[in-house]
file work_33.cif (mmCIF, C-alpha atoms; chains and numbers go by the auth columns)
data_structure
loop_
_atom_site.group_PDB
_atom_site.id
_atom_site.type_symbol
_atom_site.label_atom_id
_atom_site.label_comp_id
_atom_site.label_asym_id
_atom_site.label_seq_id
_atom_site.Cartn_x
_atom_site.Cartn_y
_atom_site.Cartn_z
_atom_site.B_iso_or_equiv
_atom_site.auth_seq_id
_atom_site.auth_asym_id
ATOM 1 C CA MET A 1 25.209 17.256 -23.208 0.00 1187 J
ATOM 2 C CA GLU A 2 25.755 14.937 -20.280 0.00 1188 J
ATOM 3 C CA ASP A 3 26.359 16.446 -16.881 0.00 1189 J
ATOM 4 C CA SER A 4 29.346 15.476 -14.842 0.00 1190 J
ATOM 5 C CA VAL A 5 28.832 14.066 -11.379 0.00 1191 J
ATOM 6 C CA GLN A 6 30.182 17.330 -9.951 0.00 1192 J
ATOM 7 C CA ASP A 7 27.623 19.376 -11.931 0.00 1193 J
ATOM 8 C CA PHE A 8 24.833 17.112 -10.753 0.00 1194 J
ATOM 9 C CA TYR A 9 26.027 17.406 -7.150 0.00 1195 J
ATOM 10 C CA ARG A 10 26.306 21.187 -7.332 0.00 1196 J
ATOM 11 C CA ARG A 11 22.821 21.618 -8.823 0.00 1197 J
ATOM 12 C CA ASN A 12 20.855 18.901 -6.995 0.00 1198 J
ATOM 13 C CA VAL A 13 22.600 17.784 -3.829 0.00 1199 J
ATOM 14 C CA ARG A 14 24.323 20.892 -2.477 0.00 1200 J
ATOM 15 C CA PRO A 15 20.994 22.833 -2.132 0.00 1201 J
ATOM 16 C CA MET A 16 19.610 20.082 0.113 0.00 1202 J
ATOM 17 C CA THR A 17 19.588 20.441 3.868 0.00 1203 J
ATOM 18 C CA GLU A 18 22.260 18.630 5.832 0.00 1204 J
ATOM 19 C CA GLU A 19 19.692 16.073 7.019 0.00 1205 J
ATOM 20 C CA GLU A 20 18.521 15.392 3.439 0.00 1206 J
ATOM 21 C CA ARG A 21 22.124 14.918 2.286 0.00 1207 J
ATOM 22 C CA LYS A 22 22.746 12.468 5.137 0.00 1208 J
ATOM 23 C CA GLN A 23 19.647 10.489 4.155 0.00 1209 J
ATOM 24 C CA LEU A 24 20.750 10.453 0.514 0.00 1210 J
ATOM 25 C CA ALA A 25 24.246 9.337 1.460 0.00 1211 J
ATOM 26 C CA ALA A 26 22.839 6.538 3.622 0.00 1212 J
ATOM 27 C CA LEU A 27 20.581 5.370 0.789 0.00 1213 J
ATOM 28 C CA ILE A 28 23.470 5.298 -1.672 0.00 1214 J
ATOM 29 C CA LEU A 29 25.833 3.516 0.726 0.00 1215 J
ATOM 30 C CA ASN A 30 23.193 0.956 1.695 0.00 1216 J
ATOM 31 C CA GLU A 31 22.448 0.219 -1.952 0.00 1217 J
ATOM 32 C CA LEU A 32 26.125 -0.143 -2.834 0.00 1218 J
ATOM 33 C CA SER A 33 26.739 -2.451 0.125 0.00 1219 J
ATOM 34 C CA GLY A 34 23.735 -4.584 -0.762 0.00 1220 J
ATOM 35 C CA GLU A 35 21.880 -3.628 2.391 0.00 1221 J
ATOM 36 C CA THR A 36 18.348 -2.435 1.911 0.00 1222 J
ATOM 37 C CA HIS A 37 16.291 -1.321 4.845 0.00 1223 J
ATOM 38 C CA GLU A 38 12.799 -1.717 3.524 0.00 1224 J
ATOM 39 C CA LYS A 39 9.970 -1.885 6.017 0.00 1225 J
ATOM 40 C CA PRO A 40 9.253 -5.497 6.908 0.00 1226 J
ATOM 41 C CA LYS A 41 5.726 -6.678 6.279 0.00 1227 J
ATOM 42 C CA ARG A 42 3.647 -6.798 9.402 0.00 1228 J
ATOM 43 C CA LYS A 43 2.658 -10.267 10.527 0.00 1229 J
ATOM 44 C CA GLY A 44 -1.018 -9.323 10.536 0.00 1230 J
ATOM 45 C CA ASP A 45 -1.002 -7.707 7.101 0.00 1231 J
ATOM 46 C CA ILE A 46 -4.567 -8.077 5.856 0.00 1232 J
ATOM 47 C CA THR A 47 -3.607 -7.313 2.254 0.00 1233 J
ATOM 48 C CA LYS A 48 -2.509 -10.927 1.820 0.00 1234 J
ATOM 49 C CA PHE A 49 -6.198 -11.873 1.913 0.00 1235 J
ATOM 50 C CA PHE A 50 -7.351 -9.443 -0.783 0.00 1236 J
ATOM 51 C CA GLY A 51 -9.064 -11.165 -3.661 0.00 1237 J
ATOM 52 C CA MET A 52 -8.933 -14.603 -2.090 0.00 1238 J
ATOM 53 C CA PHE A 53 -12.668 -15.221 -1.536 0.00 1239 J
ATOM 54 C CA ASP A 54 -14.746 -16.834 -4.256 0.00 1240 J
ATOM 55 C CA SER A 55 -18.396 -17.315 -3.334 0.00 1241 J
ATOM 56 C CA GLY A 56 -19.054 -19.150 -6.586 0.00 1242 J
ATOM 57 C CA ASP A 57 -21.661 -16.522 -7.509 0.00 1243 J
ATOM 58 C CA PRO A 58 -20.462 -14.219 -10.319 0.00 1244 J
ATOM 59 C CA ASN A 59 -22.913 -11.529 -9.143 0.00 1245 J
ATOM 60 C CA SER A 60 -21.994 -11.596 -5.459 0.00 1246 J
ATOM 61 C CA ALA A 61 -20.342 -8.163 -5.658 0.00 1247 J
ATOM 62 C CA ASP A 62 -23.369 -6.510 -7.306 0.00 1248 J
ATOM 63 C CA ASN A 63 -24.018 -3.426 -5.158 0.00 1249 J
ATOM 64 C CA GLU A 64 -27.751 -3.280 -5.916 0.00 1250 J
ATOM 65 C CA ARG A 65 -28.143 -6.908 -4.900 0.00 1251 J
ATOM 66 C CA ILE A 66 -26.143 -6.319 -1.725 0.00 1252 J
ATOM 67 C CA ASP A 67 -28.311 -3.310 -0.874 0.00 1253 J
ATOM 68 C CA ALA A 68 -31.477 -5.360 -1.434 0.00 1254 J
ATOM 69 C CA ASP A 69 -30.131 -8.154 0.798 0.00 1255 J
ATOM 70 C CA LEU A 70 -29.320 -5.643 3.537 0.00 1256 J
ATOM 71 C CA ALA A 71 -32.765 -4.039 3.258 0.00 1257 J
ATOM 72 C CA ARG A 72 -34.410 -7.477 3.642 0.00 1258 J
ATOM 73 C CA ALA A 73 -32.237 -8.272 6.660 0.00 1259 J
ATOM 74 C CA TYR A 74 -33.025 -4.964 8.381 0.00 1260 J
ATOM 75 C CA ALA A 75 -36.747 -5.313 7.647 0.00 1261 J
ATOM 76 C CA ASP A 76 -36.897 -8.854 9.056 0.00 1262 J
ATOM 77 C CA ASN A 77 -38.231 -8.677 12.633 0.00 1263 J
ATOM 78 C CA HIS A 78 -37.351 -12.360 13.258 0.00 1264 J
ATOM 79 C CA GLU A 79 -40.870 -13.132 14.565 0.00 1265 J
ATOM 80 C CA ASP A 80 -40.695 -16.624 13.056 0.00 1266 J
ATOM 81 C CA GLN A 81 -37.742 -17.543 15.293 0.00 1267 J
ATOM 82 C CA GLY A 82 -39.571 -18.143 18.528 0.00 1268 J
#
call {"tool": "encode", "arguments": {"input": "work_33.cif", "output": "structure tokens"}}
result
Amino acid sequence: MEDSVQDFYRRNVRPMTEEERKQLAALILNELSGETHEKPKRKGDITKFFGMFDSGDPNSADNERIDADLARAYADNHEDQG
């Protein structure tokens, strides 16, 4: 059995706080008027760079290899550099 709008309102909207009902009303009115107030993307949003680096090495993200490279770098005392 389908609920009427009034039944839905009585069960779901009326128990809300006044502030929640105002927020719901604003959302509905904004959607009906074609206005959406989504958060704009920040200019410095780093997520646009995700997945954009290709080193050409299919194993470049191998954690064991990365750990070994880091261990070599930390162990190197750079004596050969002057």
call {"tool": "axis_aligned_box", "arguments": {"input": "work_33.cif", "around": "range 1239-1243 of chain J", "padding_each_side": "5 Å", "output": "lines of an AutoDock Vina configuration file"}}
result
center_x = -17.2
center_y = -17.2
center_z = -4.5
size_x = 19.0
size_y = 13.9
size_z = 16.0
call {"tool": "atom_distance", "arguments": {"input": "work_33.cif", "atom1": "CA of Leu1213 in chain J", "atom2": "CA of Pro1201 in chain J"}}
result
17.7 Å
call {"tool": "atom_distance", "arguments": {"input": "work_33.cif", "atom1": "CA of Ala1259 in chain J", "atom2": "CA of Pro1244 in chain J"}}
result
21.5 Å
call {"tool": "atom_distance", "arguments": {"input": "work_33.cif", "atom1": "CA of Ala1212 in chain J", "atom2": "CA of Gly1230 in chain J"}}
result
29.5 Å
